[in-house]
Amino acid sequence: MIARAVPQPAPSADEMLLKIVGLSKVYKGGGPPVHAVRGVSLSLEPGQFVAVMGPSGSGKSSLLHMLGGLEPPTTGQIWFDGARVDGLSQARWAMLRRRNIGFVFQFFNLVSNMTVADNVELPALMSGATRRQAKERRIELLAELGLSDKASASPARLSGGEQQRVALARALANRPSLLLADEPTGNLDSLNSADVLRVLCRVHGQGQTIILVTHDARAASMADRVVNLFDGMIIDDMDVVTPIRPSVAAAGVLRLGE
Amino acid sequence: MRLPLLALLAKEPAHGYELKSLLEQTFGQAYPSPNIGQIYVTLQRLERDGLVKSQDVIQTTRPNKRVYELTPAGREALAAWIEEPSEGPRVRDDFFVKLALSPLAGVTDQMALINRQRRHYLNLMRGLSKLASATDRDSRISLLLIEGAMLHLQADLDWLERCQEELM
């Protein structure tokens with residue numbers, strides 16, 4: 001099913017948290033231009049958890065970066081919470097990210113010479129919270145992500161999964177309306193991935209809107225919806241459903257011989 | 001199911017229902033519960049082949065039960081099975097054959113075929129995640145089995161992506 005590749009009329013204030021229309025990204029370096037994203041349109045309701053999958057080079061990360069204002073689209077529109085944001089200045093984007101958009105990356109990007117607690121408090125302090133407010137929120141988040149006993153540790157002393165959970169806590173510190181996650185389990189082993197995914201599911205369960213770019217099918221299968229990109233375009237957009245008898249799924253993959 | 005039954009009988013003799021519940025305990029919900037009829041048929045064949053022998057145990061209040069035990073030949077067959085390396089997993093040949101032959105069958109949209117298959121795998125993956133979270137943390141064999149199924153599915157999805165890159 002080729003989904004929503006056709007530009008739609010610009011949205012007015014409606015109940016979509018995010019709406020992108022005909023978004024494209026062309027990189028012009030020395031050689032021929034590279035069309036990383038070609039006319040992607042997508043709408044996201046508040047509370048939805050969407051996974052974006054696709055081969056390397058299919059445009060997943062470019063798309064996510066445009067949604068977070070990390071790079072500007074070549075053409076197309078981005079509407080966030082009813083307001084058009086694709087033309088914002090870098091400074092306005094930075095403010096929007098601080099207040100409304102949380103980011104987690106494959107490499108956790110924690111500040112290594114600060115404690116876990118300071119890392120998680122930083123975004124709140126930067127957006128004007130008092131020390132006390134920042135601390136309260138940090139305590140709440142670390143407890144929720146099972147990291148209370150690591151508050152005074154240095155990030156380097158934590159396992160990969162713990163570091164990613166700290167990065168998640170930091171991303172959630174300002175209660176963003178949108179969480180963008182770029183391959184958050186890409187650098188983790190199976191057990192650590194499972195920890196991070198449990199946490200993602202939990203915050204989703206509390207109403208967090210999430211866009212997750214991933215190769216990890218286990219991560220993608222936790223989303224409400226999976227969008228598949230290929231060659232910069234959406235080639236499939238599916239709602240994930242739980243099979244009625246999951247045990248049959250396991251048995252279908254592994255069988256006792258004879 | 002022949003060799004798993006021999007393995008279950010290696011420790012001590014058992015009757016059919018005991019074998020069924022042992023299988024269920026070991027593998028958990030990740031396998032559909034084995035059919036008791038299938039277990040009895042397999043036991044009869046094992047006995048015919050000389051790998052197990054049985055005797056009736058008389059019960060006063062209930063019908064007699066037939067208890068099976070390993071023969072020396074059964075023990076040998078079990079040891080041989082345990083020692084030899086198992087075949088590697090095969091790729092999803094049914095889907096691959098379908099994909100490869102679909103142009104001959106008049107299918108013009110192979111992308112739709114791949115998308116349908118991917119949707120199916122992702123829904124299966126969702127089911128396995130639910131199963132894993134509903135499985136007791138102490139059931140390590142059962143959890144490992146589910147994780148194995150997930151890793152296989154991930155490989156199937158990666159491979160589907162390769163098919164897409166090559167064929168589209």
# chains A, B, ... in the order shown; residues from 1 in each chain; ligands from 1
$ residues_around --residues "A:His35" --least-positions-apart "6" --cutoff "8 Å" --atoms "only C-alpha atoms" --output "CSV table (one decimal) with N, CA and C atoms, in the first residue's frame"
chain,number,residue,atom,x,y,z
A,24,SER,N,10.6,17.2,1.8
A,24,SER,CA,11.7,16.6,1.0
A,24,SER,C,13.0,17.2,1.6
A,25,LYS,N,14.0,16.4,1.3
A,25,LYS,CA,15.4,16.8,1.7
A,25,LYS,C,16.3,16.4,0.6
A,26,VAL,N,17.0,17.4,0.0
A,26,VAL,CA,18.0,17.2,-1.0
A,26,VAL,C,19.3,17.7,-0.4
A,27,TYR,N,20.3,16.8,-0.4
A,27,TYR,CA,21.7,17.2,0.0
A,27,TYR,C,22.5,17.6,-1.2
A,232,GLY,N,13.5,7.2,0.4
A,232,GLY,CA,13.0,8.5,0.7
A,232,GLY,C,11.5,8.6,0.7
$ select_by_dssp --residues "chain B" --states "strand (DSSP E)" --output "VMD selection string"
chain B and resid 14 to 15 52 to 57 65 to 70
$ select_by_dssp --residues "stretch 17-127 of chain B" --states "alpha helix (DSSP H)" --output "number ranges by chain"
B: 17-27, 36-48, 72-83, 93-101, 110-127
$ atom_distance --atom1 "atom CA of B:Gly50" --atom2 "atom CA of B:Lys11"
18.0 Å
$ interface_residues --of "chain B" --to "chain A" --cutoff "10 Å" --atoms "only C-alpha atoms" --output "short mmCIF file (atom, residue, chain, number, x, y, z; two decimals) with N, CA and C atoms, in the first residue's frame"
data_model
loop_
_atom_site.label_atom_id
_atom_site.label_comp_id
_atom_site.auth_asym_id
_atom_site.auth_seq_id
_atom_site.Cartn_x
_atom_site.Cartn_y
_atom_site.Cartn_z
N MET B 1 8.98 -35.50 17.36
CA MET B 1 8.89 -35.50 18.82
C MET B 1 9.54 -36.74 19.46
N ARG B 2 10.04 -37.63 18.62
CA ARG B 2 10.60 -38.90 19.15
C ARG B 2 11.73 -38.63 20.14
N LEU B 3 12.72 -37.85 19.71
CA LEU B 3 13.91 -37.68 20.54
C LEU B 3 13.64 -36.87 21.82
N PRO B 4 12.82 -35.82 21.74
CA PRO B 4 12.48 -35.15 23.00
C PRO B 4 11.82 -36.11 24.00
N GLY B 28 6.99 -24.12 28.36
CA GLY B 28 6.05 -23.05 28.68
C GLY B 28 5.06 -22.83 27.55
N GLN B 29 4.54 -21.60 27.51
CA GLN B 29 3.51 -21.28 26.53
C GLN B 29 4.05 -21.08 25.13
N ALA B 30 5.39 -21.08 25.03
CA ALA B 30 5.96 -20.79 23.72
C ALA B 30 5.66 -21.91 22.72
N TYR B 31 5.31 -23.07 23.22
CA TYR B 31 4.83 -24.14 22.35
C TYR B 31 3.37 -24.38 22.63
N PRO B 32 2.60 -24.66 21.59
CA PRO B 32 1.23 -25.08 21.89
C PRO B 32 1.32 -26.41 22.62
N SER B 33 0.43 -26.61 23.56
CA SER B 33 0.45 -27.83 24.36
C SER B 33 0.42 -29.05 23.45
N THR B 42 3.48 -41.60 19.16
CA THR B 42 4.95 -41.58 19.09
C THR B 42 5.54 -42.66 20.00
N PRO B 89 19.24 -23.33 10.77
CA PRO B 89 17.87 -22.95 10.39
C PRO B 89 17.80 -22.70 8.89
N ARG B 92 13.09 -18.74 5.13
CA ARG B 92 11.65 -18.94 4.90
C ARG B 92 11.42 -19.33 3.46
N ASP B 109 3.05 -6.53 -8.51
CA ASP B 109 3.47 -5.68 -7.40
C ASP B 109 4.18 -6.50 -6.32
N MET B 111 6.36 -5.40 -4.34
CA MET B 111 6.47 -4.59 -3.13
C MET B 111 5.30 -4.88 -2.19
N ALA B 112 4.12 -5.04 -2.77
CA ALA B 112 2.94 -5.33 -1.93
C ALA B 112 3.12 -6.68 -1.23
N LEU B 113 3.71 -7.62 -1.96
CA LEU B 113 3.96 -8.95 -1.39
C LEU B 113 4.90 -8.84 -0.20
N ASN B 115 5.55 -6.12 1.57
CA ASN B 115 4.90 -5.36 2.65
C ASN B 115 3.96 -6.25 3.47
N ARG B 116 3.20 -7.09 2.78
CA ARG B 116 2.28 -7.98 3.50
C ARG B 116 3.05 -8.90 4.43
N ARG B 118 6.02 -8.41 5.67
CA ARG B 118 6.62 -7.65 6.77
C ARG B 118 5.58 -7.35 7.86
N ARG B 119 4.38 -6.99 7.43
CA ARG B 119 3.31 -6.74 8.41
C ARG B 119 3.06 -7.99 9.26
N HIS B 120 3.03 -9.13 8.58
CA HIS B 120 2.80 -10.38 9.29
C HIS B 120 3.90 -10.61 10.33
N TYR B 121 5.17 -10.43 9.92
CA TYR B 121 6.29 -10.65 10.84
C TYR B 121 6.23 -9.68 12.03
N LEU B 122 5.91 -8.42 11.74
CA LEU B 122 5.88 -7.45 12.84
C LEU B 122 4.77 -7.77 13.84
N ASN B 123 3.64 -8.24 13.32
CA ASN B 123 2.57 -8.63 14.23
C ASN B 123 2.97 -9.86 15.05
N LEU B 124 3.67 -10.79 14.39
CA LEU B 124 4.17 -11.95 15.14
C LEU B 124 5.14 -11.49 16.23
N MET B 125 5.99 -10.53 15.88
CA MET B 125 6.96 -10.03 16.84
C MET B 125 6.24 -9.42 18.04
N ARG B 126 5.19 -8.68 17.75
CA ARG B 126 4.38 -8.09 18.82
C ARG B 126 3.85 -9.19 19.74
N GLY B 127 3.35 -10.27 19.12
CA GLY B 127 2.82 -11.39 19.90
C GLY B 127 3.90 -12.00 20.79
N LEU B 128 5.09 -12.14 20.23
CA LEU B 128 6.19 -12.73 21.01
C LEU B 128 6.57 -11.82 22.17
N SER B 129 6.57 -10.50 21.94
CA SER B 129 6.88 -9.57 23.04
C SER B 129 5.87 -9.73 24.16
N LYS B 130 4.59 -9.82 23.78
CA LYS B 130 3.54 -9.99 24.80
C LYS B 130 3.74 -11.30 25.55
N LEU B 131 4.06 -12.33 24.77
CA LEU B 131 4.25 -13.64 25.39
C LEU B 131 5.42 -13.58 26.37
N ALA B 132 6.51 -12.92 25.95
CA ALA B 132 7.67 -12.81 26.83
C ALA B 132 7.32 -12.07 28.10
N SER B 133 6.54 -10.98 27.98
CA SER B 133 6.26 -10.23 29.20
C SER B 133 5.24 -10.95 30.09
N LEU B 145 13.53 -19.57 24.52
CA LEU B 145 12.85 -20.02 23.30
C LEU B 145 12.18 -18.83 22.60
N ILE B 146 11.53 -18.00 23.38
CA ILE B 146 10.84 -16.84 22.80
C ILE B 146 11.87 -15.87 22.21
N GLU B 147 12.98 -15.70 22.94
CA GLU B 147 14.01 -14.81 22.42
C GLU B 147 14.59 -15.36 21.11
N GLY B 148 14.76 -16.67 21.07
CA GLY B 148 15.24 -17.29 19.83
C GLY B 148 14.28 -17.02 18.68
N ALA B 149 13.00 -17.17 18.96
CA ALA B 149 12.00 -16.91 17.91
C ALA B 149 12.08 -15.46 17.45
N MET B 150 12.31 -14.54 18.40
CA MET B 150 12.42 -13.12 18.04
C MET B 150 13.64 -12.85 17.17
N LEU B 151 14.76 -13.47 17.54
CA LEU B 151 15.97 -13.24 16.76
C LEU B 151 15.81 -13.79 15.34
N HIS B 152 15.14 -14.95 15.23
CA HIS B 152 14.87 -15.48 13.89
C HIS B 152 14.00 -14.53 13.08
N LEU B 153 12.99 -13.98 13.75
CA LEU B 153 12.10 -13.05 13.04
C LEU B 153 12.85 -11.80 12.60
N GLN B 154 13.75 -11.32 13.47
CA GLN B 154 14.53 -10.15 13.10
C GLN B 154 15.35 -10.46 11.84
N ALA B 155 15.94 -11.65 11.81
CA ALA B 155 16.73 -12.03 10.64
C ALA B 155 15.83 -12.11 9.40
N LEU B 157 13.17 -10.39 8.86
CA LEU B 157 12.85 -9.01 8.45
C LEU B 157 14.02 -8.34 7.75
N ASP B 158 15.23 -8.57 8.28
CA ASP B 158 16.42 -7.99 7.64
C ASP B 158 16.55 -8.53 6.22
N GLU B 161 14.20 -7.01 3.84
CA GLU B 161 14.70 -5.70 3.43
C GLU B 161 15.72 -5.86 2.29
N ARG B 162 16.55 -6.88 2.40
CA ARG B 162 17.53 -7.15 1.34
C ARG B 162 16.80 -7.51 0.03
N GLN B 164 13.95 -6.53 -0.85
CA GLN B 164 13.37 -5.29 -1.34
C GLN B 164 14.43 -4.44 -2.05
N GLU B 165 15.61 -4.33 -1.42
CA GLU B 165 16.66 -3.51 -2.02
C GLU B 165 17.11 -4.08 -3.37
N MET B 168 13.59 -4.22 -6.03
CA MET B 168 12.74 -3.07 -6.36
C MET B 168 13.51 -2.02 -7.14
#
$ residues_around --residues "A:Ala117" --least-positions-apart "6" --cutoff "10 Å" --atoms "only C-alpha atoms" --output "ChimeraX atom specification"
/A:134-135,138-139,142,147-148,150-155,166,169-170
$ write_last_selection --atoms "N, CA and C atoms" --output "PDB file, in the first residue's frame"
ATOM      1  N   ALA A 134      13.849  21.264  39.328  1.00  0.00           N
ATOM      2  CA  ALA A 134      14.665  20.369  38.512  1.00  0.00           C
ATOM      3  C   ALA A 134      14.999  19.105  39.292  1.00  0.00           C
ATOM      4  N   LYS A 135      15.302  19.291  40.569  1.00  0.00           N
ATOM      5  CA  LYS A 135      15.682  18.155  41.392  1.00  0.00           C
ATOM      6  C   LYS A 135      14.489  17.215  41.615  1.00  0.00           C
ATOM      7  N   ARG A 138      13.876  15.265  38.539  1.00  0.00           N
ATOM      8  CA  ARG A 138      14.945  14.288  38.355  1.00  0.00           C
ATOM      9  C   ARG A 138      14.714  13.063  39.258  1.00  0.00           C
ATOM     10  N   ILE A 139      14.360  13.323  40.507  1.00  0.00           N
ATOM     11  CA  ILE A 139      14.138  12.217  41.443  1.00  0.00           C
ATOM     12  C   ILE A 139      12.987  11.336  40.952  1.00  0.00           C
ATOM     13  N   LEU A 142      14.205   9.359  37.714  1.00  0.00           N
ATOM     14  CA  LEU A 142      15.159   8.274  37.974  1.00  0.00           C
ATOM     15  C   LEU A 142      14.467   7.122  38.685  1.00  0.00           C
ATOM     16  N   LEU A 147      16.559   3.964  38.280  1.00  0.00           N
ATOM     17  CA  LEU A 147      17.957   4.402  38.341  1.00  0.00           C
ATOM     18  C   LEU A 147      18.258   5.232  39.591  1.00  0.00           C
ATOM     19  N   SER A 148      17.359   5.172  40.588  1.00  0.00           N
ATOM     20  CA  SER A 148      17.520   6.030  41.761  1.00  0.00           C
ATOM     21  C   SER A 148      18.886   5.869  42.411  1.00  0.00           C
ATOM     22  N   LYS A 150      21.628   5.339  41.095  1.00  0.00           N
ATOM     23  CA  LYS A 150      22.755   5.752  40.244  1.00  0.00           C
ATOM     24  C   LYS A 150      22.898   7.267  40.181  1.00  0.00           C
ATOM     25  N   ALA A 151      22.091   7.993  40.960  1.00  0.00           N
ATOM     26  CA  ALA A 151      22.027   9.451  40.798  1.00  0.00           C
ATOM     27  C   ALA A 151      23.396  10.119  40.873  1.00  0.00           C
ATOM     28  N   SER A 152      24.246   9.657  41.789  1.00  0.00           N
ATOM     29  CA  SER A 152      25.522  10.366  41.948  1.00  0.00           C
ATOM     30  C   SER A 152      26.657   9.697  41.169  1.00  0.00           C
ATOM     31  N   ALA A 153      26.302   8.699  40.347  1.00  0.00           N
ATOM     32  CA  ALA A 153      27.336   8.016  39.559  1.00  0.00           C
ATOM     33  C   ALA A 153      27.726   8.849  38.344  1.00  0.00           C
ATOM     34  N   SER A 154      28.910   8.528  37.837  1.00  0.00           N
ATOM     35  CA  SER A 154      29.322   9.142  36.577  1.00  0.00           C
ATOM     36  C   SER A 154      28.782   8.259  35.451  1.00  0.00           C
ATOM     37  N   PRO A 155      28.283   8.842  34.352  1.00  0.00           N
ATOM     38  CA  PRO A 155      27.675   8.038  33.287  1.00  0.00           C
ATOM     39  C   PRO A 155      28.590   6.913  32.796  1.00  0.00           C
ATOM     40  N   VAL A 166      19.254   6.837  31.239  1.00  0.00           N
ATOM     41  CA  VAL A 166      19.542   8.196  31.730  1.00  0.00           C
ATOM     42  C   VAL A 166      19.252   9.204  30.610  1.00  0.00           C
ATOM     43  N   ALA A 169      15.663   9.721  30.493  1.00  0.00           N
ATOM     44  CA  ALA A 169      15.208  10.567  31.597  1.00  0.00           C
ATOM     45  C   ALA A 169      15.484  12.027  31.258  1.00  0.00           C
ATOM     46  N   ARG A 170      16.668  12.292  30.718  1.00  0.00           N
ATOM     47  CA  ARG A 170      17.016  13.666  30.342  1.00  0.00           C
ATOM     48  C   ARG A 170      16.058  14.191  29.272  1.00  0.00           C
TER      49      ARG A 170
END
$ residues_around --residues "A:Glu136" --least-positions-apart "3" --cutoff "12 Å" --atoms "only C-alpha atoms" --output "VMD selection string"
chain A and resid 117 120 to 121 124 to 125 129 to 133 139 to 143 173 to 174
$ atom_distance --atom1 "atom CA of A:Leu191" --atom2 "atom CA of A:Arg157"
17.7 Å
$ decode --residues "stretch 65-83 of chain B" --atoms "N, CA and C atoms" --output "compact mmCIF listing (two decimals), in the first residue's frame"
# COMPACT_ATOMS: atom_id res chain seq x y z
N LYS B 65 -2.42 -47.75 34.10
CA LYS B 65 -1.66 -46.84 33.24
C LYS B 65 -0.45 -47.58 32.69
N ARG B 66 -0.05 -47.13 31.48
CA ARG B 66 1.08 -47.77 30.82
C ARG B 66 2.31 -46.90 31.02
N VAL B 67 3.33 -47.49 31.66
CA VAL B 67 4.54 -46.73 31.97
C VAL B 67 5.65 -47.12 31.00
N TYR B 68 6.27 -46.11 30.45
CA TYR B 68 7.32 -46.34 29.44
C TYR B 68 8.69 -46.10 30.04
N GLU B 69 9.67 -46.91 29.59
CA GLU B 69 11.05 -46.65 29.98
C GLU B 69 11.99 -46.86 28.81
N LEU B 70 13.16 -46.26 28.88
CA LEU B 70 14.13 -46.36 27.79
C LEU B 70 14.74 -47.75 27.76
N THR B 71 15.00 -48.26 26.55
CA THR B 71 15.80 -49.48 26.39
C THR B 71 17.24 -49.04 26.16
N PRO B 72 18.21 -49.97 26.23
CA PRO B 72 19.60 -49.59 25.91
C PRO B 72 19.70 -48.98 24.51
N ALA B 73 18.95 -49.52 23.55
CA ALA B 73 18.99 -48.94 22.19
C ALA B 73 18.46 -47.51 22.20
N GLY B 74 17.45 -47.27 23.04
CA GLY B 74 16.89 -45.92 23.15
C GLY B 74 17.90 -44.95 23.73
N ARG B 75 18.62 -45.44 24.74
CA ARG B 75 19.64 -44.61 25.37
C ARG B 75 20.74 -44.25 24.36
N GLU B 76 21.07 -45.23 23.52
CA GLU B 76 22.10 -45.00 22.50
C GLU B 76 21.61 -43.98 21.46
N ALA B 77 20.37 -44.12 21.03
CA ALA B 77 19.82 -43.19 20.04
C ALA B 77 19.79 -41.77 20.61
N LEU B 78 19.46 -41.69 21.90
CA LEU B 78 19.40 -40.37 22.54
C LEU B 78 20.80 -39.74 22.59
N ALA B 79 21.79 -40.57 23.00
CA ALA B 79 23.16 -40.04 23.10
C ALA B 79 23.65 -39.58 21.72
N ALA B 80 23.33 -40.34 20.69
CA ALA B 80 23.78 -39.97 19.34
C ALA B 80 23.15 -38.64 18.93
N TRP B 81 21.89 -38.49 19.27
CA TRP B 81 21.18 -37.24 18.91
C TRP B 81 21.79 -36.04 19.63
N ILE B 82 22.05 -36.22 20.94
CA ILE B 82 22.61 -35.13 21.73
C ILE B 82 23.98 -34.73 21.19
N GLU B 83 24.76 -35.72 20.76
CA GLU B 83 26.14 -35.44 20.36
C GLU B 83 26.27 -34.81 18.98
